[in-house]
$ cat work12.pdb   # PDB, C-alpha atoms and all ligand atoms
ATOM      1  CA  MET A   1      -0.614   2.066 -21.104
ATOM      2  CA  LEU A   2      -3.324   0.943 -18.761
ATOM      3  CA  LEU A   3      -3.535   2.151 -15.189
ATOM      4  CA  VAL A   4      -4.204  -0.888 -13.050
ATOM      5  CA  LYS A   5      -5.818  -0.623  -9.655
ATOM      6  CA  GLY A   6      -3.233  -0.834  -6.878
ATOM      7  CA  ASP A   7      -0.297   0.173  -9.075
ATOM      8  CA  VAL A   8       1.972   2.850  -7.634
ATOM      9  CA  TYR A   9       3.446   5.499  -9.936
ATOM     10  CA  VAL A  10       6.527   7.488  -8.973
ATOM     11  CA  CYS A  11       7.462  10.866 -10.415
ATOM     12  CA  GLN A  12      10.743  10.671 -12.321
ATOM     13  CA  ASN A  13      11.818  14.172 -11.247
ATOM     14  CA  PRO A  14      14.527  13.441  -8.613
ATOM     15  CA  ARG A  15      13.562  16.575  -6.655
ATOM     16  CA  CYS A  16       9.894  15.589  -6.560
ATOM     17  CA  ARG A  17       9.473  11.791  -6.429
ATOM     18  CA  ALA A  18       5.747  12.118  -5.742
ATOM     19  CA  GLU A  19       3.896   8.813  -5.609
ATOM     20  CA  VAL A  20       0.320   8.050  -6.565
ATOM     21  CA  ARG A  21      -1.648   4.831  -6.214
ATOM     22  CA  VAL A  22      -4.272   3.913  -8.785
ATOM     23  CA  GLU A  23      -7.699   3.560  -7.183
ATOM     24  CA  ARG A  24      -9.676   3.083 -10.370
ATOM     25  CA  GLU A  25      -8.435   1.607 -13.643
ATOM     26  CA  SER A  26      -8.142   3.775 -16.719
ATOM     27  CA  ILE A  27      -9.545   3.042 -20.104
ATOM     28  CA  ASP A  28      -6.865   1.976 -22.591
ATOM     29  CA  GLY A  29      -4.319   4.741 -22.921
ATOM     30  CA  PHE A  30      -1.021   5.361 -24.622
ATOM     31  CA  THR A  31       1.036   7.651 -22.388
ATOM     32  CA  SER A  32       2.509   7.499 -18.899
ATOM     33  CA  PRO A  33       0.815   9.641 -16.282
ATOM     34  CA  ILE A  34       2.306  13.093 -15.790
ATOM     35  CA  CYS A  35       3.013  14.521 -12.331
ATOM     36  CA  CYS A  36       1.814  18.015 -11.417
ATOM     37  CA  CYS A  37       5.495  19.077 -11.566
ATOM     38  CA  GLY A  38       5.459  18.199 -15.262
ATOM     39  CA  ALA A  39       7.657  15.083 -15.139
ATOM     40  CA  GLU A  40       6.635  11.661 -16.364
ATOM     41  CA  MET A  41       5.543   9.126 -13.756
ATOM     42  CA  LYS A  42       6.653   5.506 -13.957
ATOM     43  CA  ARG A  43       5.267   2.439 -12.292
ATOM     44  CA  ALA A  44       7.135   1.630  -9.069
ATOM     45  CA  TYR A  45       8.577  -1.815  -8.711
ATOM     46  CA  GLU A  46       6.830  -3.782  -6.007
ATOM     47  CA  PRO A  47       8.281  -7.152  -5.076
ATOM     48  CA  PRO A  48       5.816  -9.994  -5.503
ATOM     49  CA  ALA A  49       4.077 -10.880  -2.284
ATOM     50  CA  VAL A  50       4.835 -14.267  -0.793
ATOM     51  CA  ARG A  51       1.693 -16.284  -0.324
ATOM     52  CA  ARG A  52       1.386 -18.850   2.404
ATOM     53  CA  VAL A  53      -0.630 -21.916   1.632
ATOM     54  CA  THR A  54      -2.201 -24.030   4.297
ATOM     55  CA  PRO A  55      -0.847 -27.510   3.675
ATOM     56  CA  THR A  56      -3.673 -29.896   2.945
ATOM     57  CA  PRO A  57      -3.152 -33.677   2.929
ATOM     58  CA  GLU A  58      -3.251 -33.503  -0.886
ATOM     59  CA  ILE A  59      -0.420 -30.942  -1.014
ATOM     60  CA  ILE A  60       1.670 -32.902   1.506
ATOM     61  CA  ALA A  61       1.181 -36.086  -0.515
ATOM     62  CA  LEU A  62       2.172 -34.234  -3.706
ATOM     63  CA  LEU A  63       5.340 -32.840  -2.093
ATOM     64  CA  LYS A  64       6.278 -36.266  -0.684
ATOM     65  CA  GLN A  65       5.746 -37.774  -4.126
ATOM     66  CA  LYS A  66       7.960 -35.074  -5.685
ATOM     67  CA  LEU A  67      10.725 -35.742  -3.147
ATOM     68  CA  GLU A  68      10.507 -39.451  -3.876
ATOM     69  CA  ASP A  69      10.710 -38.791  -7.621
ATOM     70  CA  GLU A  70      13.873 -36.708  -7.185
ATOM     71  CA  LYS A  71      15.747 -39.464  -5.350
TER
HETATM   72 ZN    ZN A 101       6.699  15.389  -9.754
END
$ encode --input "work12.pdb" --output "structure tokens"
Amino acid sequence: MLLVKGDVYVCQNPRCRAEVRVERESIDGFTSPICCCGAEMKRAYEPPAVRRVTPTPEIIALLKQKLEDEK
């Protein structure tokens, strides 16, 4: 396992549920992090962020072309 910057780990102990965020990546490892309560910590699911793109004339032309192709 590799700790990746920005990842959030949640303690699997239902009474604890501590969360930590990785601020610096680990070297290659092979175990999950362990909470101070002794339980394993698992990476929290974070939904992918939606990115907004500023439509450029090229993108608009591409989308128009795609719509035309689907007709
Ligand atoms: Zn814990």
$ resolve_selection --input "work12.pdb" --expression "the PyMOL selection byres (((not hetatm)) within 7 of (chain A and resi 101))" --output "list of chain:residue names"
A:Cys11, A:Gln12, A:Asn13, A:Cys16, A:Arg17, A:Ala18, A:Cys35, A:Cys36, A:Cys37, A:Gly38, A:Ala39
$ atom_distance --input "work12.pdb" --atom1 "atom CA of Glu68 of chain A" --atom2 "atom CA of Pro55 of chain A"
18.1 Å
$ atom_distance --input "work12.pdb" --atom1 "atom CA of Leu3 of chain A" --atom2 "atom CA of Glu19 of chain A"
13.8 Å
$ residues_around --input "work12.pdb" --residues "segment 40-49 of chain A" --least-positions-apart "6" --cutoff "6 Å" --atoms "all atoms listed in the file" --output "PyMOL selection string"
chain A and resi 8-12+33-34
$ write_last_selection --input "work12.pdb" --atoms "C-alpha atoms" --output "tab-separated table (two decimals), keeping the file's coordinate frame"
chain	number	residue	atom	x	y	z
A	8	VAL	CA	1.97	2.85	-7.63
A	9	TYR	CA	3.45	5.50	-9.94
A	10	VAL	CA	6.53	7.49	-8.97
A	11	CYS	CA	7.46	10.87	-10.42
A	12	GLN	CA	10.74	10.67	-12.32
A	33	PRO	CA	0.82	9.64	-16.28
A	34	ILE	CA	2.31	13.09	-15.79
$ atom_distance --input "work12.pdb" --atom1 "atom CA of Val20 of chain A" --atom2 "atom CA of Arg52 of chain A"
28.4 Å
$ axis_aligned_box --input "work12.pdb" --around "segment 17-36 of chain A" --padding-each-side "4 Å" --output "JSON"
{"center_x": -0.1, "center_y": 9.8, "center_z": -15.1, "size_x": 27.1, "size_y": 24.4, "size_z": 27.0}
$ closest_residue --input "work12.pdb" --among "A:Lys64, A:Arg51, A:Glu58, A:Leu2" --to "Asp28 of chain A" --atoms "all atoms listed in the file"
A:Leu2
$ decode --input "work12.pdb" --residues "segment 1-67 of chain A" --atoms "C-alpha atoms" --output "JSON list (two decimals), in the first residue's frame"
[["chain", "number", "residue", "atom", "x", "y", "z"],
["A", 1, "MET", "CA", 0.00, 0.00, 0.00],
["A", 2, "LEU", "CA", 1.12, 3.50, -0.76],
["A", 3, "LEU", "CA", -0.15, 6.49, 1.17],
["A", 4, "VAL", "CA", -1.02, 9.14, -1.37],
["A", 5, "LYS", "CA", -1.13, 12.80, -0.49],
["A", 6, "GLY", "CA", -4.69, 13.99, 0.07],
["A", 7, "ASP", "CA", -6.09, 10.52, 0.77],
["A", 8, "VAL", "CA", -8.31, 10.25, 3.83],
["A", 9, "TYR", "CA", -8.13, 7.13, 6.01],
["A", 10, "VAL", "CA", -10.95, 6.16, 8.35],
["A", 11, "CYS", "CA", -10.57, 3.93, 11.39],
["A", 12, "GLN", "CA", -12.60, 0.74, 11.00],
["A", 13, "ASN", "CA", -13.47, 0.59, 14.71],
["A", 14, "PRO", "CA", -17.17, 1.68, 14.74],
["A", 15, "ARG", "CA", -16.72, 3.33, 18.15],
["A", 16, "CYS", "CA", -13.71, 5.33, 16.98],
["A", 17, "ARG", "CA", -14.01, 6.25, 13.28],
["A", 18, "ALA", "CA", -11.01, 8.59, 13.51],
["A", 19, "GLU", "CA", -9.98, 10.12, 10.20],
["A", 20, "VAL", "CA", -6.54, 11.13, 9.02],
["A", 21, "ARG", "CA", -5.49, 12.90, 5.84],
["A", 22, "VAL", "CA", -2.16, 12.09, 4.22],
["A", 23, "GLU", "CA", 0.05, 15.17, 4.00],
["A", 24, "ARG", "CA", 3.16, 13.45, 2.73],
["A", 25, "GLU", "CA", 3.35, 10.27, 0.66],
["A", 26, "SER", "CA", 4.84, 7.13, 2.13],
["A", 27, "ILE", "CA", 7.51, 5.00, 0.60],
["A", 28, "ASP", "CA", 6.13, 1.74, -0.81],
["A", 29, "GLY", "CA", 4.50, -0.21, 1.98],
["A", 30, "PHE", "CA", 2.49, -3.36, 2.43],
["A", 31, "THR", "CA", 0.03, -2.79, 5.27],
["A", 32, "SER", "CA", -2.88, -0.47, 5.97],
["A", 33, "PRO", "CA", -2.26, 2.26, 8.51],
["A", 34, "ILE", "CA", -3.24, 1.42, 12.08],
["A", 35, "CYS", "CA", -5.22, 3.84, 14.26],
["A", 36, "CYS", "CA", -4.04, 4.65, 17.78],
["A", 37, "CYS", "CA", -7.02, 2.58, 19.02],
["A", 38, "GLY", "CA", -5.43, -0.45, 17.37],
["A", 39, "ALA", "CA", -7.90, -0.91, 14.50],
["A", 40, "GLU", "CA", -6.99, -0.93, 10.83],
["A", 41, "MET", "CA", -7.64, 2.25, 8.85],
["A", 42, "LYS", "CA", -9.09, 2.12, 5.35],
["A", 43, "ARG", "CA", -9.12, 4.71, 2.64],
["A", 44, "ALA", "CA", -12.36, 6.72, 2.66],
["A", 45, "TYR", "CA", -14.34, 6.88, -0.53],
["A", 46, "GLU", "CA", -14.36, 10.37, -1.97],
["A", 47, "PRO", "CA", -16.59, 11.01, -4.97],
["A", 48, "PRO", "CA", -14.69, 12.28, -7.98],
["A", 49, "ALA", "CA", -14.78, 16.03, -8.26],
["A", 50, "VAL", "CA", -16.67, 17.49, -11.20],
["A", 51, "ARG", "CA", -14.45, 19.73, -13.26],
["A", 52, "ARG", "CA", -15.84, 22.63, -15.19],
["A", 53, "VAL", "CA", -14.21, 23.43, -18.47],
["A", 54, "THR", "CA", -14.39, 26.82, -20.06],
["A", 55, "PRO", "CA", -15.84, 26.18, -23.50],
["A", 56, "THR", "CA", -13.42, 27.29, -26.16],
["A", 57, "PRO", "CA", -14.46, 27.63, -29.82],
["A", 58, "GLU", "CA", -12.60, 24.36, -30.47],
["A", 59, "ILE", "CA", -14.61, 22.48, -27.83],
["A", 60, "ILE", "CA", -17.91, 23.96, -29.06],
["A", 61, "ALA", "CA", -17.06, 22.96, -32.63],
["A", 62, "LEU", "CA", -16.17, 19.44, -31.45],
["A", 63, "LEU", "CA", -19.46, 19.08, -29.54],
["A", 64, "LYS", "CA", -21.46, 20.39, -32.52],
["A", 65, "GLN", "CA", -19.66, 17.92, -34.76],
["A", 66, "LYS", "CA", -20.45, 15.08, -32.33],
["A", 67, "LEU", "CA", -24.14, 16.04, -32.25]]
